[in-house]
Amino acid sequence: MMFKKIDHIAIAVNNIEKSAKLFEKILNVAASKTEIVKSEKVKTKFFHLSDSKIELIEGTEQNSTVAKFVKKKGEGIHHIAIEVDDIQKEIKRLKKQGFNTIKNTVSKGANGKLISFLFPKDTKGVLIELCQKTN
Ligand code: ZN
């Protein structure tokens with residue numbers, strides 16, 4: 001199985017600290033420390049559930065795609081991340097089938113993972129992140 005599981009579902013928010021307090025109440029789990037992911041211009045926090053996570057993301061700049069997303073659509077589900085064994089191999093396989101990634105190269109995401117996003121226009125409007133653990 002190359003697509004292993006849903007690693008996390010990400011929710012785009014206006015204020016990550018305030019939203020983290022809300023989700024701590026809902027999930028009854030403490031949020032991780034805030035991490036800044038420069039490649040995506042976001043701040044991120046994770047809630048670790050038993051086998052998956054909820055991620056909160058807030059754009060760090062007005063021109064970040066997440067800030068634009070929230071401005072246009074409001075707060076809400078932003079992407080679904082699927083863990084893969086070999087991200088390069090999966091991208092190659094998907095490109096052969098006509099899918100495109102937003103960036104040409106794999107980026108470094110939160111927790112040192114390798115990440116890549118598929119074009120949502122190819123995937124029924126759902127932004128799909130592929131992620132691979134590096135440790
Ligand atoms: Zn994510």
# chains A, B, ... in the order shown; residues from 1 in each chain; ligands from 1
$ residues_near_ligand --ligand "ligand 1" --cutoff "10 Å" --atoms "only C-alpha atoms and all ligand atoms" --output "PDB file with C-alpha atoms, in the first residue's frame"
ATOM      1  CA  ASP A   7      -2.346  11.736   8.178  1.00  0.00           C
ATOM      2  CA  HIS A   8      -4.303  14.859   8.993  1.00  0.00           C
ATOM      3  CA  ILE A   9      -7.125  17.165   8.043  1.00  0.00           C
ATOM      4  CA  ALA A  10      -6.235  20.846   8.061  1.00  0.00           C
ATOM      5  CA  ILE A  11      -8.497  23.721   9.007  1.00  0.00           C
ATOM      6  CA  GLU A  40       3.918  27.589   2.787  1.00  0.00           C
ATOM      7  CA  THR A  44       0.628  25.485  12.140  1.00  0.00           C
ATOM      8  CA  LYS A  45      -0.484  23.541  15.211  1.00  0.00           C
ATOM      9  CA  PHE A  46      -1.418  19.890  15.469  1.00  0.00           C
ATOM     10  CA  LYS A  53      -4.223  14.571  13.412  1.00  0.00           C
ATOM     11  CA  ILE A  54      -6.140  17.766  13.052  1.00  0.00           C
ATOM     12  CA  GLU A  55      -3.994  20.661  11.843  1.00  0.00           C
ATOM     13  CA  LEU A  56      -4.798  24.330  12.283  1.00  0.00           C
ATOM     14  CA  ILE A  57      -3.186  26.720   9.829  1.00  0.00           C
ATOM     15  CA  HIS A  78      -8.431  23.545   3.807  1.00  0.00           C
ATOM     16  CA  HIS A  79      -6.796  20.249   2.880  1.00  0.00           C
ATOM     17  CA  ILE A  80      -6.618  16.523   3.503  1.00  0.00           C
ATOM     18  CA  ALA A  81      -3.175  15.017   3.912  1.00  0.00           C
ATOM     19  CA  ILE A  82      -2.394  11.451   2.962  1.00  0.00           C
ATOM     20  CA  GLY A 109       6.462  20.826   5.772  1.00  0.00           C
ATOM     21  CA  ALA A 110       5.747  20.788   9.501  1.00  0.00           C
ATOM     22  CA  LYS A 113       7.950  15.997   6.531  1.00  0.00           C
ATOM     23  CA  ILE A 115       5.050  17.500   1.296  1.00  0.00           C
ATOM     24  CA  SER A 116       3.442  18.256  -2.032  1.00  0.00           C
ATOM     25  CA  PHE A 117      -0.042  19.462  -2.974  1.00  0.00           C
ATOM     26  CA  LEU A 127      -6.806  20.154  -1.884  1.00  0.00           C
ATOM     27  CA  ILE A 128      -4.835  16.958  -1.303  1.00  0.00           C
ATOM     28  CA  GLU A 129      -1.450  17.010   0.393  1.00  0.00           C
ATOM     29  CA  LEU A 130       0.887  14.070   0.056  1.00  0.00           C
ATOM     30  CA  CYS A 131       3.295  13.743   2.962  1.00  0.00           C
TER      31      CYS A 131
END
$ residues_around --residues "Lys133 in chain A" --least-positions-apart "4" --cutoff "9 Å" --atoms "only C-alpha atoms" --output "count of residues only"
7
$ atom_distance --atom1 "CA of Val42 in chain A" --atom2 "CA of Ala12 in chain A"
9.7 Å
$ select_by_dssp --residues "range 9-128 of chain A" --states "strand (DSSP E)" --output "VMD selection string"
chain A and resid 9 to 12 35 to 37 42 to 48 53 to 59 76 to 84 107 to 108 114 to 117 128
$ closest_residue --among "A:Asp122, A:Glu35, A:Glu75, A:Glu24" --to "Thr60 in chain A" --atoms "only C-alpha atoms"
A:Glu35
$ residues_around --residues "range 61-63 of chain A" --least-positions-apart "2" --cutoff "8 Å" --atoms "only C-alpha atoms" --output "list in words"
Lys41, Val42, Gly59, Thr65, Ala67 and Lys68 of chain A
$ closest_residue --among "A:Glu90, A:Phe47, A:Phe119, A:Met2" --to "Ala20 in chain A" --atoms "only C-alpha atoms"
A:Phe47
$ closest_residue --among "A:Val126, A:Lys121, A:Lys43, A:Phe23" --to "Ser64 in chain A" --atoms "only C-alpha atoms"
A:Lys43
$ atom_distance --atom1 "CA of Lys124 in chain A" --atom2 "CA of Ile77 in chain A"
14.3 Å
$ select_by_dssp --residues "range 8-110 of chain A" --states "helix (DSSP H, G or I)" --output "PyMOL selection string"
chain A and resi 16-27+38-40+65-73+87-96+110
$ atom_distance --atom1 "CA of Val106 in chain A" --atom2 "CA of Ser52 in chain A"
21.9 Å
$ closest_residue --among "A:Lys5, A:Lys89, A:His48, A:Lys18" --to "Ala31 in chain A" --atoms "only C-alpha atoms"
A:His48
$ decode --residues "range 7-21 of chain A" --atoms "N, CA, C and O atoms" --output "CSV table (one decimal), in the first residue's frame"
chain,number,residue,atom,x,y,z
A,7,ASP,N,-3.3,11.3,7.1
A,7,ASP,CA,-2.3,11.7,8.2
A,7,ASP,C,-3.0,12.8,9.0
A,7,ASP,O,-2.9,12.8,10.2
A,8,HIS,N,-3.6,13.8,8.3
A,8,HIS,CA,-4.3,14.9,9.0
A,8,HIS,C,-5.3,15.6,8.1
A,8,HIS,O,-5.2,15.5,6.9
A,9,ILE,N,-6.2,16.3,8.7
A,9,ILE,CA,-7.1,17.2,8.0
A,9,ILE,C,-6.8,18.6,8.6
A,9,ILE,O,-6.7,18.7,9.8
A,10,ALA,N,-6.6,19.5,7.7
A,10,ALA,CA,-6.2,20.8,8.1
A,10,ALA,C,-7.4,21.8,7.9
A,10,ALA,O,-8.1,21.8,7.0
A,11,ILE,N,-7.5,22.7,8.9
A,11,ILE,CA,-8.5,23.7,9.0
A,11,ILE,C,-7.8,25.1,9.0
A,11,ILE,O,-6.9,25.3,9.8
A,12,ALA,N,-8.2,25.9,8.0
A,12,ALA,CA,-7.6,27.2,7.9
A,12,ALA,C,-8.4,28.2,8.8
A,12,ALA,O,-9.6,28.2,8.9
A,13,VAL,N,-7.7,29.0,9.6
A,13,VAL,CA,-8.3,29.9,10.6
A,13,VAL,C,-7.7,31.3,10.5
A,13,VAL,O,-6.6,31.5,10.0
A,14,ASN,N,-8.4,32.2,11.1
A,14,ASN,CA,-7.9,33.6,11.1
A,14,ASN,C,-6.9,33.8,12.3
A,14,ASN,O,-5.9,34.6,12.1
A,15,ASN,N,-7.1,33.1,13.4
A,15,ASN,CA,-6.3,33.3,14.6
A,15,ASN,C,-6.0,32.0,15.2
A,15,ASN,O,-6.8,31.4,15.8
A,16,ILE,N,-4.8,31.5,15.0
A,16,ILE,CA,-4.4,30.1,15.4
A,16,ILE,C,-4.5,29.9,16.9
A,16,ILE,O,-4.9,28.9,17.4
A,17,GLU,N,-4.1,30.9,17.7
A,17,GLU,CA,-4.0,30.8,19.1
A,17,GLU,C,-5.5,30.7,19.7
A,17,GLU,O,-5.8,29.8,20.5
A,18,LYS,N,-6.3,31.5,19.2
A,18,LYS,CA,-7.7,31.5,19.7
A,18,LYS,C,-8.4,30.2,19.2
A,18,LYS,O,-9.1,29.6,20.0
A,19,SER,N,-8.2,29.8,18.0
A,19,SER,CA,-8.8,28.6,17.4
A,19,SER,C,-8.3,27.4,18.2
A,19,SER,O,-9.0,26.4,18.4
A,20,ALA,N,-7.0,27.4,18.5
A,20,ALA,CA,-6.4,26.2,19.2
A,20,ALA,C,-7.2,26.0,20.6
A,20,ALA,O,-7.5,24.9,21.0
A,21,LYS,N,-7.5,27.1,21.3
A,21,LYS,CA,-8.2,27.0,22.5
A,21,LYS,C,-9.6,26.3,22.3
A,21,LYS,O,-10.0,25.5,23.1
